[in-house]
Every structure is written in structure tokens, then in C-alpha cells.
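Next comes query.tsv, with TSV, C-alpha atoms and all ligand atoms.
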chain	number	residue	atom	x	y	z
N	1	MET	CA	0.00	0.00	0.00
N	2	GLU	CA	1.22	3.51	-0.76
N	3	PHE	CA	1.07	6.26	1.87
N	4	ILE	CA	0.05	8.72	-0.89
N	5	ASP	CA	-0.47	7.08	-4.28
N	6	LEU	CA	0.74	9.69	-6.75
N	7	LYS	CA	1.24	7.13	-9.51
N	8	LYS	CA	-2.41	6.17	-9.40
N	9	GLN	CA	-3.43	9.81	-9.60
N	10	TYR	CA	-1.13	10.36	-12.60
N	11	ARG	CA	-2.65	7.37	-14.42
N	12	LYS	CA	-6.12	8.95	-14.04
N	13	TYR	CA	-5.16	12.20	-15.76
N	14	LYS	CA	-2.21	10.96	-17.82
N	15	ASP	CA	-3.35	11.95	-21.32
N	16	GLU	CA	-4.30	15.48	-20.34
N	17	ILE	CA	-1.18	16.03	-18.25
N	18	ASP	CA	1.14	14.67	-20.94
N	19	ARG	CA	-0.44	16.93	-23.53
N	20	ALA	CA	-0.21	19.97	-21.25
N	21	VAL	CA	3.48	19.34	-20.57
N	22	LEU	CA	4.27	18.81	-24.26
N	23	ASP	CA	2.48	22.06	-25.11
N	24	VAL	CA	4.75	23.95	-22.76
N	25	MET	CA	7.82	22.23	-24.23
N	26	ALA	CA	6.75	23.31	-27.70
N	27	SER	CA	6.00	26.87	-26.56
N	28	GLY	CA	9.61	27.54	-25.52
N	29	ARG	CA	8.30	29.57	-22.53
N	30	PHE	CA	9.32	27.81	-19.35
N	31	ILE	CA	9.23	30.34	-16.51
N	32	LEU	CA	6.13	32.37	-15.57
N	33	GLY	CA	4.17	33.29	-18.76
N	34	LYS	CA	0.61	32.47	-19.81
N	35	LYS	CA	0.26	29.17	-18.00
N	36	VAL	CA	1.33	30.66	-14.69
N	37	GLU	CA	-0.99	33.63	-15.22
N	38	ALA	CA	-3.87	31.28	-16.05
N	39	LEU	CA	-3.19	29.30	-12.88
N	40	GLU	CA	-3.03	32.49	-10.79
N	41	GLU	CA	-6.39	33.57	-12.19
N	42	ALA	CA	-7.95	30.14	-11.69
N	43	LEU	CA	-6.77	29.97	-8.09
N	44	CYS	CA	-8.05	33.49	-7.41
N	45	ARG	CA	-11.46	32.22	-8.51
N	46	PHE	CA	-11.01	29.10	-6.37
N	47	THR	CA	-10.05	30.98	-3.18
N	48	ASP	CA	-11.97	34.22	-3.85
N	49	ALA	CA	-8.70	36.15	-3.33
N	50	SER	CA	-8.18	39.20	-5.52
N	51	TYR	CA	-4.57	38.42	-6.39
N	52	ALA	CA	-2.29	35.40	-6.61
N	53	VAL	CA	1.46	35.17	-7.18
N	54	GLY	CA	2.89	31.88	-8.46
N	55	VAL	CA	6.14	31.08	-6.67
N	56	SER	CA	8.83	28.42	-6.65
N	57	SER	CA	7.70	26.69	-3.42
N	58	GLY	CA	5.66	27.16	-0.27
N	59	THR	CA	8.88	27.99	1.54
N	60	ASP	CA	9.68	30.80	-0.91
N	61	GLY	CA	6.08	31.98	-0.63
N	62	LEU	CA	6.50	32.37	3.13
N	63	LEU	CA	9.90	34.00	2.70
N	64	LEU	CA	8.61	36.51	0.13
N	65	SER	CA	5.60	37.34	2.31
N	66	LEU	CA	7.81	38.03	5.32
N	67	MET	CA	10.07	40.17	3.11
N	68	ALA	CA	7.06	42.14	1.88
N	69	PHE	CA	6.11	42.85	5.51
N	70	GLY	CA	9.64	44.15	6.15
N	71	VAL	CA	10.69	41.37	8.53
N	72	GLY	CA	14.36	41.42	9.44
N	73	PRO	CA	16.82	41.69	12.34
N	74	GLY	CA	15.30	43.11	15.52
N	75	LYS	CA	11.78	41.90	14.66
N	76	VAL	CA	9.97	39.02	16.31
N	77	VAL	CA	7.52	36.80	14.43
N	78	ILE	CA	5.30	34.44	16.39
N	79	THR	CA	4.31	31.07	15.03
N	80	THR	CA	3.22	27.59	16.09
N	81	PRO	CA	5.70	25.23	17.74
N	82	PHE	CA	4.16	22.33	15.80
N	83	SER	CA	4.65	22.55	12.03
N	84	PHE	CA	7.01	21.74	9.20
N	85	PHE	CA	10.41	23.39	9.69
N	86	ALA	CA	9.97	25.84	6.76
N	87	THR	CA	7.46	27.83	8.81
N	88	VAL	CA	10.11	28.91	11.30
N	89	GLU	CA	13.07	28.62	8.95
N	90	THR	CA	11.88	31.53	6.81
N	91	ILE	CA	11.65	33.79	9.87
N	92	MET	CA	15.21	32.86	10.80
N	93	LEU	CA	16.55	33.21	7.25
N	94	LEU	CA	15.63	36.89	7.40
N	95	GLY	CA	17.51	37.37	10.66
N	96	ALA	CA	14.35	37.87	12.70
N	97	GLU	CA	13.64	36.11	15.99
N	98	PRO	CA	11.01	33.38	16.07
N	99	ALA	CA	8.68	33.07	19.04
N	100	PHE	CA	6.08	30.40	19.64
N	101	SER	CA	2.58	30.07	20.98
N	102	ASP	CA	1.40	26.57	21.95
N	103	ILE	CA	-1.31	24.63	20.12
N	104	ASP	CA	-4.82	23.54	20.90
N	105	PRO	CA	-4.57	19.81	21.76
N	106	HIS	CA	-7.58	18.85	19.60
N	107	THR	CA	-6.96	20.71	16.34
N	108	TYR	CA	-3.14	20.92	16.69
N	109	ASN	CA	-3.43	24.54	15.51
N	110	MET	CA	-2.46	27.70	17.40
N	111	ALA	CA	-4.84	28.56	20.24
N	112	PRO	CA	-5.90	32.25	20.08
N	113	GLU	CA	-6.06	32.67	23.88
N	114	LEU	CA	-2.47	31.43	24.24
N	115	LEU	CA	-1.38	33.70	21.40
N	116	GLU	CA	-2.81	36.69	23.24
N	117	GLU	CA	-0.83	35.78	26.36
N	118	GLN	CA	2.33	35.28	24.31
N	119	ILE	CA	2.00	38.66	22.58
N	120	LYS	CA	1.61	40.36	25.97
N	121	LYS	CA	4.63	38.53	27.37
N	122	LEU	CA	6.81	39.53	24.43
N	123	GLU	CA	5.61	43.14	24.55
N	124	ASN	CA	6.36	43.30	28.28
N	125	ALA	CA	9.84	42.01	27.55
N	126	GLY	CA	10.32	44.94	25.14
N	127	LYS	CA	10.30	42.81	21.98
N	128	ASP	CA	9.33	44.31	18.63
N	129	VAL	CA	6.66	41.85	17.52
N	130	ALA	CA	5.90	42.33	13.81
N	131	GLY	CA	3.41	39.60	13.04
N	132	VAL	CA	2.24	36.01	13.17
N	133	ILE	CA	2.46	33.03	10.84
N	134	VAL	CA	-0.56	30.83	11.51
N	135	VAL	CA	-0.39	27.28	10.16
N	136	SER	CA	-3.51	25.42	9.06
N	137	LEU	CA	-2.16	22.00	9.95
N	138	TYR	CA	-3.16	18.67	8.40
N	139	GLY	CA	-5.63	20.49	6.13
N	140	GLN	CA	-7.75	22.20	8.80
N	141	CYS	CA	-7.76	25.98	9.22
N	142	ALA	CA	-6.83	27.54	12.52
N	143	ASN	CA	-9.33	29.84	14.23
N	144	MET	CA	-8.46	32.66	11.85
N	145	ASP	CA	-11.16	35.20	12.79
N	146	GLU	CA	-10.06	35.34	16.41
N	147	ILE	CA	-6.39	35.46	15.45
N	148	ASN	CA	-6.96	38.17	12.81
N	149	GLN	CA	-8.96	40.31	15.25
N	150	LEU	CA	-6.36	39.97	17.98
N	151	CYS	CA	-3.50	40.82	15.62
N	152	ALA	CA	-5.38	43.74	14.04
N	153	SER	CA	-5.86	45.23	17.51
N	154	LYS	CA	-2.10	45.03	18.06
N	155	GLY	CA	-1.07	46.19	14.56
N	156	LEU	CA	0.49	42.83	13.69
N	157	PHE	CA	0.43	41.20	10.26
N	158	VAL	CA	-1.02	37.72	9.82
N	159	ILE	CA	0.18	35.22	7.25
N	160	GLU	CA	-1.79	32.00	6.88
N	161	ASP	CA	0.58	29.14	6.13
N	162	ALA	CA	-1.96	27.26	4.02
N	163	CYS	CA	0.65	24.87	2.62
N	164	GLN	CA	-1.43	21.92	3.84
N	165	SER	CA	-4.89	23.41	3.58
N	166	LEU	CA	-5.67	24.62	0.07
N	167	GLY	CA	-9.22	23.36	-0.54
N	168	ALA	CA	-10.26	23.62	3.11
N	169	THR	CA	-12.93	26.04	4.30
N	170	TYR	CA	-13.34	28.08	7.48
N	171	LYS	CA	-16.84	29.41	8.20
N	172	GLY	CA	-17.52	28.85	4.50
N	173	ARG	CA	-14.50	30.92	3.42
N	174	LYS	CA	-11.51	29.50	1.59
N	175	SER	CA	-8.15	28.68	3.11
N	176	GLY	CA	-5.43	30.84	1.58
N	177	ASN	CA	-7.76	33.85	1.62
N	178	LEU	CA	-8.39	34.14	5.36
N	179	SER	CA	-5.83	36.78	6.29
N	180	LYS	CA	-3.85	39.60	4.68
N	181	VAL	CA	-1.61	37.01	3.02
N	182	GLY	CA	-2.00	33.26	2.53
N	183	VAL	CA	0.64	30.89	1.17
N	184	THR	CA	0.18	27.42	-0.23
N	185	SER	CA	2.51	24.70	-1.47
N	186	PHE	CA	2.22	22.46	-4.51
N	187	PHE	CA	4.76	19.96	-3.17
N	188	PRO	CA	3.75	16.66	-4.84
N	189	SER	CA	2.12	15.13	-1.76
N	190	LYS	CA	-0.02	18.17	-0.96
N	191	PRO	CA	-3.77	18.08	-1.66
N	192	LEU	CA	-3.08	20.01	-4.88
N	193	GLY	CA	0.43	18.92	-5.81
N	194	CYS	CA	2.56	19.46	-8.90
N	195	PHE	CA	5.39	17.34	-10.33
N	196	GLY	CA	8.19	19.14	-8.53
N	197	ASP	CA	8.26	22.23	-6.34
N	198	GLY	CA	5.81	25.10	-6.54
N	199	GLY	CA	3.66	27.42	-4.47
N	200	MET	CA	1.24	30.34	-4.54
N	201	ILE	CA	0.75	33.49	-2.47
N	202	PHE	CA	-2.73	34.99	-2.13
N	203	THR	CA	-3.68	38.49	-1.08
N	204	SER	CA	-6.44	40.98	-1.69
N	205	ASP	CA	-4.17	43.98	-1.04
N	206	GLU	CA	-3.07	45.47	-4.35
N	207	LYS	CA	0.05	47.19	-3.00
N	208	LEU	CA	1.26	44.01	-1.37
N	209	TYR	CA	0.53	42.09	-4.56
N	210	ILE	CA	2.68	44.42	-6.66
N	211	HIS	CA	5.45	44.26	-4.07
N	212	LEU	CA	5.32	40.45	-3.93
N	213	LYS	CA	5.47	40.16	-7.72
N	214	THR	CA	8.54	42.38	-7.77
N	215	LEU	CA	10.27	40.54	-4.94
N	216	ARG	CA	9.65	37.27	-6.81
N	217	ILE	CA	11.97	38.45	-9.61
N	218	HIS	CA	14.94	39.91	-7.75
N	219	GLY	CA	13.09	43.11	-6.88
N	220	ASP	CA	13.14	44.04	-10.58
N	221	ILE	CA	10.47	46.52	-11.65
N	222	GLY	CA	11.47	45.94	-15.30
N	223	ARG	CA	14.54	46.08	-17.56
N	224	TYR	CA	17.02	45.43	-14.76
N	225	GLN	CA	15.71	48.23	-12.58
N	226	HIS	CA	16.17	46.51	-9.20
N	227	ARG	CA	14.22	48.49	-6.65
N	228	TYR	CA	14.48	45.91	-3.85
N	229	VAL	CA	16.60	42.95	-2.89
N	230	GLY	CA	14.38	40.03	-3.83
N	231	ILE	CA	14.91	36.41	-4.77
N	232	ASN	CA	14.46	34.11	-7.74
N	233	GLY	CA	11.11	32.77	-6.58
N	234	ARG	CA	9.21	32.10	-9.80
N	235	LEU	CA	6.87	29.26	-10.71
N	236	ASP	CA	7.67	27.10	-13.78
N	237	ALA	CA	5.25	26.97	-16.71
N	238	ILE	CA	5.34	23.14	-16.77
N	239	GLN	CA	4.21	22.98	-13.13
N	240	ALA	CA	1.46	25.52	-13.81
N	241	ALA	CA	0.27	23.50	-16.82
N	242	ILE	CA	0.08	20.32	-14.73
N	243	LEU	CA	-1.71	22.16	-11.93
N	244	LEU	CA	-4.28	23.58	-14.36
N	245	VAL	CA	-5.20	20.04	-15.35
N	246	LYS	CA	-5.31	18.79	-11.76
N	247	LEU	CA	-7.33	21.79	-10.61
N	248	LYS	CA	-10.22	20.67	-12.85
N	249	TYR	CA	-10.55	17.55	-10.70
N	250	PHE	CA	-9.60	19.09	-7.38
N	251	LYS	CA	-13.12	19.65	-6.04
N	252	ASN	CA	-13.95	16.03	-6.70
N	253	GLU	CA	-10.70	14.93	-5.06
N	254	ILE	CA	-11.48	17.02	-1.97
N	255	GLU	CA	-14.81	15.22	-1.65
N	256	LEU	CA	-13.10	11.86	-2.09
N	257	ARG	CA	-10.59	12.76	0.63
N	258	GLN	CA	-13.42	13.77	2.97
N	259	GLN	CA	-15.27	10.53	2.23
N	260	ALA	CA	-12.10	8.55	2.95
N	261	ALA	CA	-11.68	10.44	6.23
N	262	ASN	CA	-15.28	9.63	7.21
N	263	ARG	CA	-14.64	5.96	6.46
N	264	TYR	CA	-11.55	6.01	8.69
N	265	ASP	CA	-13.59	7.72	11.42
N	266	ASN	CA	-16.15	4.92	11.30
N	267	LEU	CA	-13.58	2.13	11.11
N	268	LEU	CA	-11.54	3.49	14.01
N	269	ARG	CA	-14.21	4.88	16.32
N	270	GLU	CA	-14.21	1.82	18.54
N	271	LEU	CA	-10.49	2.17	19.20
N	272	GLU	CA	-11.16	5.77	20.19
N	273	GLN	CA	-14.01	4.77	22.49
N	274	GLN	CA	-11.67	2.27	24.13
N	275	GLY	CA	-9.30	5.16	24.82
N	276	HIS	CA	-6.45	3.87	22.63
N	277	ILE	CA	-6.44	6.63	20.05
N	278	GLU	CA	-7.86	10.04	19.28
N	279	LEU	CA	-9.38	10.61	15.85
N	280	PRO	CA	-8.84	13.90	14.01
N	281	TYR	CA	-11.06	16.59	15.53
N	282	ILE	CA	-12.55	18.97	13.00
N	283	ALA	CA	-14.02	22.17	14.49
N	284	PRO	CA	-17.71	22.67	13.59
N	285	TYR	CA	-16.93	25.76	11.49
N	286	CYS	CA	-14.21	23.99	9.47
N	287	GLN	CA	-14.07	21.58	6.57
N	288	SER	CA	-10.74	19.85	6.37
N	289	VAL	CA	-9.04	18.86	3.14
N	290	TYR	CA	-7.22	16.11	5.08
N	291	ALA	CA	-3.72	16.74	3.77
N	292	GLN	CA	-3.04	14.13	6.44
N	293	TYR	CA	-5.32	11.83	8.38
N	294	THR	CA	-3.51	12.02	11.69
N	295	ILE	CA	-4.49	10.17	14.84
N	296	ARG	CA	-3.07	10.35	18.34
N	297	ILE	CA	-1.72	7.12	19.83
N	298	LYS	CA	-2.47	7.16	23.55
N	299	THR	CA	-1.93	3.75	25.10
N	300	ARG	CA	0.99	2.22	23.19
N	301	ASN	CA	4.46	3.18	22.13
N	302	ARG	CA	4.05	4.88	18.75
N	303	GLN	CA	7.14	3.32	17.20
N	304	ARG	CA	5.90	-0.13	18.18
N	305	VAL	CA	2.53	0.61	16.54
N	306	GLN	CA	4.34	1.76	13.40
N	307	GLN	CA	6.37	-1.46	13.29
N	308	ILE	CA	3.25	-3.60	13.57
N	309	LEU	CA	1.51	-1.61	10.85
N	310	GLU	CA	4.56	-1.92	8.63
N	311	ARG	CA	4.46	-5.71	9.04
N	312	HIS	CA	0.92	-5.54	7.66
N	313	ASP	CA	2.08	-3.47	4.69
N	314	VAL	CA	0.64	-0.25	6.10
N	315	PRO	CA	3.03	2.70	5.71
N	316	THR	CA	2.74	5.53	8.21
N	317	ALA	CA	4.47	8.85	8.87
N	318	VAL	CA	4.97	11.18	11.81
N	319	HIS	CA	4.13	14.83	11.18
N	320	TYR	CA	6.17	15.88	13.17
N	321	PRO	CA	8.43	14.06	15.62
N	322	ASN	CA	9.88	17.23	17.15
N	323	ALA	CA	8.35	20.45	18.34
N	324	LEU	CA	10.12	23.24	16.43
N	325	PRO	CA	11.60	25.14	19.42
N	326	TYR	CA	13.77	22.12	20.34
N	327	LEU	CA	15.39	21.65	16.95
N	328	GLU	CA	19.12	22.27	16.73
N	329	PRO	CA	19.12	25.57	14.80
N	330	LEU	CA	16.91	27.07	17.52
N	331	ALA	CA	19.06	25.96	20.45
N	332	TYR	CA	20.41	29.52	20.81
N	333	LEU	CA	16.98	30.65	21.99
N	334	GLY	CA	17.25	28.41	25.03
N	335	PHE	CA	13.77	26.86	25.06
N	336	LYS	CA	13.43	24.04	27.56
N	337	LYS	CA	11.21	20.98	27.83
N	338	GLY	CA	7.84	21.93	29.24
N	339	ASP	CA	7.70	25.34	27.55
N	340	PHE	CA	5.22	24.06	24.93
N	341	PRO	CA	3.55	21.05	26.57
N	342	GLU	CA	0.85	20.44	23.96
N	343	ALA	CA	3.23	20.61	21.02
N	344	GLU	CA	5.58	18.22	22.83
N	345	ARG	CA	2.77	15.78	23.62
N	346	ALA	CA	1.60	15.89	19.99
N	347	ALA	CA	5.12	15.33	18.70
N	348	ASN	CA	5.32	12.16	20.82
N	349	GLN	CA	1.90	10.79	19.93
N	350	VAL	CA	0.70	11.72	16.45
N	351	LEU	CA	0.65	9.23	13.62
N	352	SER	CA	-0.47	9.85	10.04
N	353	LEU	CA	-2.20	7.02	8.15
N	354	PRO	CA	-2.28	6.45	4.39
N	355	MET	CA	-4.52	9.11	2.85
N	356	HIS	CA	-5.21	10.27	-0.69
N	357	ALA	CA	-8.21	10.79	-2.93
N	358	PHE	CA	-7.99	7.33	-4.49
N	359	ILE	CA	-7.44	5.16	-1.44
N	360	GLU	CA	-9.64	2.03	-1.66
N	361	GLU	CA	-12.13	1.04	1.00
N	362	SER	CA	-10.36	-2.33	1.25
N	363	GLU	CA	-7.05	-0.56	1.93
N	364	GLN	CA	-8.63	1.46	4.72
N	365	GLU	CA	-10.06	-1.75	6.22
N	366	GLN	CA	-6.55	-3.21	6.10
N	367	VAL	CA	-5.23	-0.16	7.98
N	368	ALA	CA	-7.97	-0.48	10.60
N	369	GLU	CA	-7.37	-4.21	11.09
N	370	ALA	CA	-3.65	-3.69	11.46
N	371	LEU	CA	-4.25	-0.96	14.03
N	372	LEU	CA	-6.61	-3.21	15.96
N	373	ARG	CA	-3.86	-5.86	16.05
N	374	ALA	CA	-1.35	-3.30	17.28
N	375	PHE	CA	-3.55	-2.53	20.27
N	376	GLN	CA	-4.34	-6.19	20.95
N	377	SER	CA	-0.65	-7.18	21.07
N	378	ARG	CA	1.23	-6.55	24.27
N	401	LIG	C1	3.05	23.77	6.99
N	401	LIG	C2	4.04	23.87	5.87
N	401	LIG	N1	4.69	25.03	5.68
N	401	LIG	C3	5.57	25.18	4.66
N	401	LIG	C4	5.84	24.15	3.78
N	401	LIG	C5	6.85	24.36	2.71
N	401	LIG	O1	6.35	24.14	1.42
N	401	LIG	P1	7.34	23.68	0.25
N	401	LIG	O2	7.74	22.28	0.51
N	401	LIG	O3	6.54	23.85	-0.99
N	401	LIG	O4	8.50	24.61	0.27
N	401	LIG	C6	5.16	22.93	3.94
N	401	LIG	C7	5.34	21.82	3.00
N	401	LIG	O5	6.16	21.01	2.96
N	401	LIG	C8	4.26	22.78	5.02
N	401	LIG	O6	3.62	21.63	5.23
Please render this file's structure as C-alpha cells.
Ligand SMILES: Cc1ncc(COP(=O)(O)O)c(C=O)c1O
Amino acid sequence: MEFIDLKKQYRKYKDEIDRAVLDVMASGRFILGKKVEALEEALCRFTDASYAVGVSSGTDGLLLSLMAFGVGPGKVVITTPFSFFATVETIMLLGAEPAFSDIDPHTYNMAPELLEEQIKKLENAGKDVAGVIVVSLYGQCANMDEINQLCASKGLFVIEDACQSLGATYKGRKSGNLSKVGVTSFFPSKPLGCFGDGGMIFTSDEKLYIHLKTLRIHGDIGRYQHRYVGINGRLDAIQAAILLVKLKYFKNEIELRQQAANRYDNLLRELEQQGHIELPYIAPYCQSVYAQYTIRIKTRNRQRVQQILERHDVPTAVHYPNALPYLEPLAYLGFKKGDFPEAERAANQVLSLPMHAFIEESEQEQVAEALLRAFQSR
């Protein structure tokens, strides 16, 4: 069984994708251009954002957004302690100081009330807090309204790291378009993935949009007039062409993912009732796109569970085994165990199960049976 079956997905759309790629090859236009513009427009329609900027990856999307907000040395940016490393890495790349606010134990996303406390603490310590990167983890949006309101009252920017959540909704609104800036990733295993690296920034602020577009090409406003220091952060035409094909089927794939998640919920509910695991909790105002179907293992050693599942041909993954503040590049900040108890607990307990739009019912039953075995064995 595959954890995410990208080959199966390719076989479904093969003819259209092959044709789209060959068209780009024949066009001789490989970076930005019409395909990227068409994708930007299509994703504006999809998210209801006014503007979209195709970029080379989710990481570069975050980096460019932070640059557009003027983040640099002396500034503090708050984020979640439980995410992929790129979220904090981009803050550090710009010489700013990362700070963290612990997660809600059910959604694994930042908890607004803890964020408020953290902002106050940093302000009292005389820190120059510039903004917040909020991650919508596993495909479910964080409580963006509360976070946006809180940050607006403090004059802080908010970036939604929607790298895992394109296709999700929050109170009926689309992930990626829930704050001043949203960033998504087209890494192959994401809900909408390309055949390499790629990403997109969304905003409805025209000034920011123009700035982001300029930063994406070395700060060049045209004909080698470099107004800012930017980066090479452009999206390839081939990736855009592939994404335009996949986007046609994305709504259907989101539904299939949600159906698969419901099937898992039903298959695994008994294990939850017995107290062995916790199923994904989706807040009533959210619809998840289930970038991951991640459970919490409560009564067994997680590695042991993984080994048993592997013996039954069930691949699993841990997103993520470490809370960000304890990773080596952050050691200089001196965080100690116990500073972020919920992120630490999650890092020790979470386990992601095979999940993609085309997972078979029989495969999910196999996963559930293997899990049952893992909890029966001593
Ligand atoms: C939460 C989060 N942020 C940022 C990224 C970075 O995206 P990319 O791999 O496209 O650079 C990812 C994806 O891997 C992610 O999951």
C-alpha cells in the first residue's frame, strides 16, 4: 500500500497532463508566462482572493511574504511550535527572531487565547513583535477570525501558512484567503500537488501584490531596474500547466478525501471509544481537506505501533516528531522541555495514516485491522 499514491493519480489524468506538458515544451516559454498567469487567475477564482502570485515553493512563498512585511533583524515573528520546519526557517533566514505560541490539543493549531498571552509577554519584555504566521495543519484551518482580530488590535500582520490546507474552508471561506496574506505549497504530496516544487501566495491587497510580484523576480520593476533585494522565486510553466489540469478535478478529489476520512472515522471509532487513540477533531466551522489523516496514539508506544503496521504493509508517517523550538538551529533561543507542553505531547503521539483521494475502501479496512492488532498485542 502507498502512503500517498501519486502514480495512481497520474494514471487517471495521464493523457491530459502529458499533452499539457508537451504544449509547454513546444512553446519555448518555461518560466512564468501564460500558464502561470492562467493558474493564478484560476486559483483566485477558487479561493476568492483578488490576487495570486505563483512562486517556486511554499517555503519561498512564506519568505517573500515576510520580506514584503519588512521582517528582518530586531523583529519578532510568532508562530506555532508544531509545524514543518519551513514555517520557522523563513523567519530565521531573514535574521528575525522566532517566538512560539502553543497549540490547541484537539486541532493541533495555534490557540488564540495562548497567542494573546504570548504577545503580551513579548511586549512586556520589550520585543518588537511584527506579526504572526498561523499554520492550518493537516488540512484544517486555525481559528483565523479570532487570530486576525487579535492581531489587528495590536497592529500585527497575519500570514496564513496554508501549505497543507488549500481546498479547506473556514466558516464557509476558503483557506489561503483568510488573512492579509496566505501561502500554499504544490509539493507533490499536498492536496493540490505538482510534479516538482511550486507554491502560490494569495492576497487581496493590491500594494502588497505588486510588491510580492517584484520581490519574486529579484526586486526588478522591469529592464534590470532593481528596486528591492528580492529572490528568484518564480513558478515554472510546466508545473502551472500540470496544476491547471489537476485543478479541474480538485473539487472532486477534496470530496473523495473527505469521504475517505469519514470511512476512517467509522472504522476506528471503537479504538477511540476504548481510549487507545484520538481521531482527528474537525471544528464545527471547518471543513478539512485532510492533507493528512492524523491520529493520536495514547496507550501504546508509537514506534511499536508503526512497526506492527509496517508488518501488515501499512506505511505511516509522523508529522512531526519534534516540536520546532527544540530543533538544533533554535538551540540559541534556550527553550526548555515543558515550555510548549501540547506541542511536545503531539510530537510524541501523532501518527499519520495512508490518505489520498484514491485510497480504496479495502485498503482502509486493512489499515484499521492492522491498528486493531497493534492494540491487541502486548
Ligand atoms: C506547513 C508547511 N509550511 C511550509 C511548507 C513548505 O512548502 P514547500 O515544501 O513547498 O517549500 C510545507 C510543505 O512542505 C508545510 O507543510
Query raised in the report: When the cut-off is 8 Å and you count only C-alpha atoms and all ligand atoms, which residues lie near ligand LIG 401 (chain N), shown as a list in words?
Result: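 Listing the residues within 8 Å of ligand LIG 401 (chain N) gives Ser56, Ser57, Gly58, Thr59, Asp60, Gly61, Leu62, Ser83, Phe84, Phe85, Ala86, Thr87, Val135, Ser136, Leu137, Asp161, Ala162, Cys163, Gln164, Thr184, Ser185, Phe186, Phe187, Lys190, Asp197, Gly198 and Gly199 of chain N.
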Query raised in the report: Between CA of Gln292 (chain N) and CA of Leu353 (chain N), what is the distance, to one decimal in Å?
Result: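 So the answer is 7.4 Å.
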Query raised in the report: Counting only C-alpha atoms, which of N:Phe195, N:Phe157, N:Phe46, N:Tyr13 gets nearest to Gln239 (chain N)?
Result: N:Phe195
**Report entry** Residue with smallest distance to Ile282 (chain N) - pool N:Ala168, N:Leu256, N:Ile221, N:Ile231, counting only C-alpha atoms
**Finding:**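 The closest residue to Ile282 (chain N) is N:Ala168.
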**Report entry** Residues within 8 Å of Phe340 (chain N), all atoms listed in the file, excluding chain neighbours under 4 positions, as a list in words
**Finding:**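 Once the adjacent positions are removed, what remains is Pro81, Ser101, Asp102 and Glu344 of chain N.
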Query - Sel. within 8 Å of pt (-2.4, 35.7, 7.1), counting only C-alpha atoms, output as a ChimeraX atom specification - result: /N:132-134,148,157-161,176-182
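The shortest atom-to-atom distance to Glu255 (chain N), with all atoms listed in the file taken into account, belongs to N:Val289 out of N:Ile103, N:Met67, N:Ile238, N:Val289.
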Query raised in the report: With all atoms listed in the file as the basis for distance, which of N:Asn262, N:Gln349, N:Asn143, N:Gln376 is at the shortest distance from Asp104 (chain N)?
Result: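 Nearest to Asp104 (chain N): N:Asn143.
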Requested in this report: May I have the residues at most 9 Å from (1.5, 14.6, -4.3) in the file's coordinates, counting all atoms listed in the file, as JSON, numbers by chain?
Outcome: {"N": [4, 5, 6, 9, 186, 187, 188, 189, 190, 191, 192, 193, 194, 195, 356]}
Requested in this report: Enter the distance from CA of Glu123 (chain N) to CA of Thr203 (chain N), in Å, rounded to one decimal.
Outcome: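 Going from CA of Glu123 (chain N) over to CA of Thr203 (chain N) covers 27.7 Å.
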List the neighbours of region 19-25 of chain N out to 7 Å using all atoms listed in the file; skip same-chain residues closer than 6 positions along the sequence, and give me the result as a compact mmCIF listing (two decimals) with C-alpha atoms, keeping the file's coordinate frame.
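The resulting file, selection_8.txt, is reproduced below:
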# COMPACT_ATOMS: atom_id res chain seq x y z
CA ALA N 237 5.25 26.97 -16.71
CA ILE N 238 5.34 23.14 -16.77
CA ALA N 241 0.27 23.50 -16.82
CA ILE N 242 0.08 20.32 -14.73
Report task. Within 8 Å of Arg296 (chain N), counting all atoms listed in the file, which residues show up once you throw out same-chain ones fewer than 4 positions away? Write them as number ranges by chain, please. Result -> N: 277-279, 346, 349-351
Query raised in the report: Which polymer residues have any atom within 9 Å of an atom of Phe3 (chain N), counting all atoms listed in the file, with same-chain residues fewer than 2 positions away left out, as a VMD selection string?
Result: chain N and resid 1 5 314 to 317 353 to 356
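Note that the spacing between CA of Leu267 (chain N) and CA of Gln140 (chain N) amounts to 21.0 Å.
Closest approach to Glu2 (chain N) from the set N:Glu146, N:Asp220, N:Glu310, N:Glu253 is made by N:Glu310, with distances taken over only C-alpha atoms.
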Report task. Between N:Ala283, N:Leu122, N:Ala240, N:Ile359, single out the one closest to Ile31 (chain N), counting all atoms listed in the file. Result -> N:Ala240
Report task. Name the residues in contact with Gly95 (chain N) at a cut-off of 12 Å, using all atoms listed in the file, excluding same-chain residues fewer than 5 positions from it; report them as number ranges by chain. Result -> N: 63, 66-67, 70-77, 88-90
